[in-house]
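*Asks:* Could you have a look at this structure, given as structure tokens, before my questions?
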Amino acid sequence: MRILGTVSGRPGVITWWEDLHVGVQVAACFAAAVLLLWAGHVLLLNQPLGRGFLYAIFWAAPVTVIVVGATRSERARRLRAEGQDPS
């Protein structure tokens, strides 16, 4: 598996991300979303640090569901198009 470059015409990092276990995707996406949203709330919206962190945790949950759900859906679509069983 290649992380950089292309695999089947798709960027290798996309294929690598799609092939990760769903639990790893949830943990990585949630952590990244909390950090980005916290920075956004504190720096852009001038929220206090604690309140910004709580808002970041709150909004990271739906962001994680959306990103991981879209990833699983796209992976299944790609596998069906290649004639493989997505499960």
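By convention in this document, the chains of the structure tokens carry letters A, B, ... by their order, each chain's residues are numbered from 1, and ligands are numbered from 1 in the order they are shown.
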Any idea what's packed within 9 Å of Phe30 (chain A), counting only C-alpha atoms, ignoring anything in its chain fewer than 6 positions away? Could you give it as a short mmCIF file (atom, residue, chain, number, x, y, z; two decimals) with C-alpha atoms, in the first residue's frame?

*Replies:*
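Full text of out-v3.cif as output:
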```
data_model
loop_
_atom_site.label_atom_id
_atom_site.label_comp_id
_atom_site.auth_asym_id
_atom_site.auth_seq_id
_atom_site.Cartn_x
_atom_site.Cartn_y
_atom_site.Cartn_z
CA ILE A 57 -15.84 18.87 21.88
CA ALA A 60 -16.33 17.61 16.96
CA ALA A 61 -18.85 14.79 17.48
CA VAL A 63 -18.01 16.51 12.35
CA THR A 64 -16.53 13.09 13.13
CA VAL A 65 -19.77 11.30 12.24
#
```

*Asks:* Got a sec: who's within 12 Å of Ala70 (chain A), counting only C-alpha atoms, leaving out chain neighbours fewer than 5 positions off, as number ranges by chain?

*Replies:* A: 17-18, 22, 25, 63-65, 75-77

*Asks:* Using CA of Leu44 (chain A) and CA of Ala56 (chain A) as the two end points, give the distance in Å to one decimal.

*Replies:*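 One can read the CA of Leu44 (chain A) to CA of Ala56 (chain A) distance as 12.8 Å.
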
*Asks:* With distances taken over only C-alpha atoms, which of A:Arg51, A:Arg80, A:Arg72, A:His41 is nearest to Ile14 (chain A)?

*Replies:* A:Arg72

*Asks:* Which residues come within 8 Å of Cys29 (chain A), counting only C-alpha atoms, excluding same-chain residues fewer than 2 positions away, as JSON, numbers by chain?

*Replies:* {"A": [25, 26, 27, 31, 32, 33, 64, 67, 68]}

*Asks:* Figure out the distance between CA of Thr71 (chain A) and CA of Val13 (chain A), please, to one decimal in Å.

*Replies:*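 CA of Val13 (chain A) sits 12.4 Å away from CA of Thr71 (chain A).
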
*Asks:* Neighbouring residues of Tyr55 (chain A) were defined as those with any atom within 12 Å, considering only C-alpha atoms; residues of the same chain fewer than 5 positions away were excluded. Please report them as a short mmCIF file (atom, residue, chain, number, x, y, z; two decimals) with C-alpha atoms, in the first residue's frame.

*Replies:*
```
data_model
loop_
_atom_site.label_atom_id
_atom_site.label_comp_id
_atom_site.auth_asym_id
_atom_site.auth_seq_id
_atom_site.Cartn_x
_atom_site.Cartn_y
_atom_site.Cartn_z
CA ALA A 33 -11.64 18.20 14.84
CA VAL A 34 -11.36 19.15 18.53
CA LEU A 35 -8.03 20.89 17.95
CA LEU A 36 -9.16 22.75 14.85
CA LEU A 37 -12.53 23.75 16.28
CA TRP A 38 -10.98 24.84 19.58
CA ALA A 39 -8.51 27.05 17.74
CA GLY A 40 -11.35 28.45 15.64
CA HIS A 41 -13.54 29.22 18.64
CA VAL A 42 -10.73 30.83 20.61
CA LEU A 45 -14.74 33.86 17.74
CA GLN A 47 -14.33 32.58 23.15
CA PRO A 48 -12.66 31.98 26.53
CA LEU A 49 -10.33 28.94 26.52
CA GLY A 50 -12.59 26.65 28.54
CA ALA A 60 -16.33 17.61 16.96
CA ALA A 61 -18.85 14.79 17.48
CA PRO A 62 -21.06 15.62 14.45
#
```

*Asks:* Mind the document's chain letters and residue numbers, and return as a PyMOL selection string the residues of chain A that DSSP labels alpha helix (DSSP H).

*Replies:* chain A and resi 12-19+22-39+49-81

*Asks:* Quick check for you: according to DSSP on this backbone, which residues of chain A are classed as strand (DSSP E or B)? Reply as a PyMOL selection string.

*Replies:* chain A and resi 6-7+10-11

*Asks:* For a test of reading the model, state the distance in Å between CA of Trp59 (chain A) and CA of Pro11 (chain A), rounded to one decimal.

*Replies:*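 Spanning CA of Trp59 (chain A) to CA of Pro11 (chain A) is a straight-line distance of 28.3 Å.
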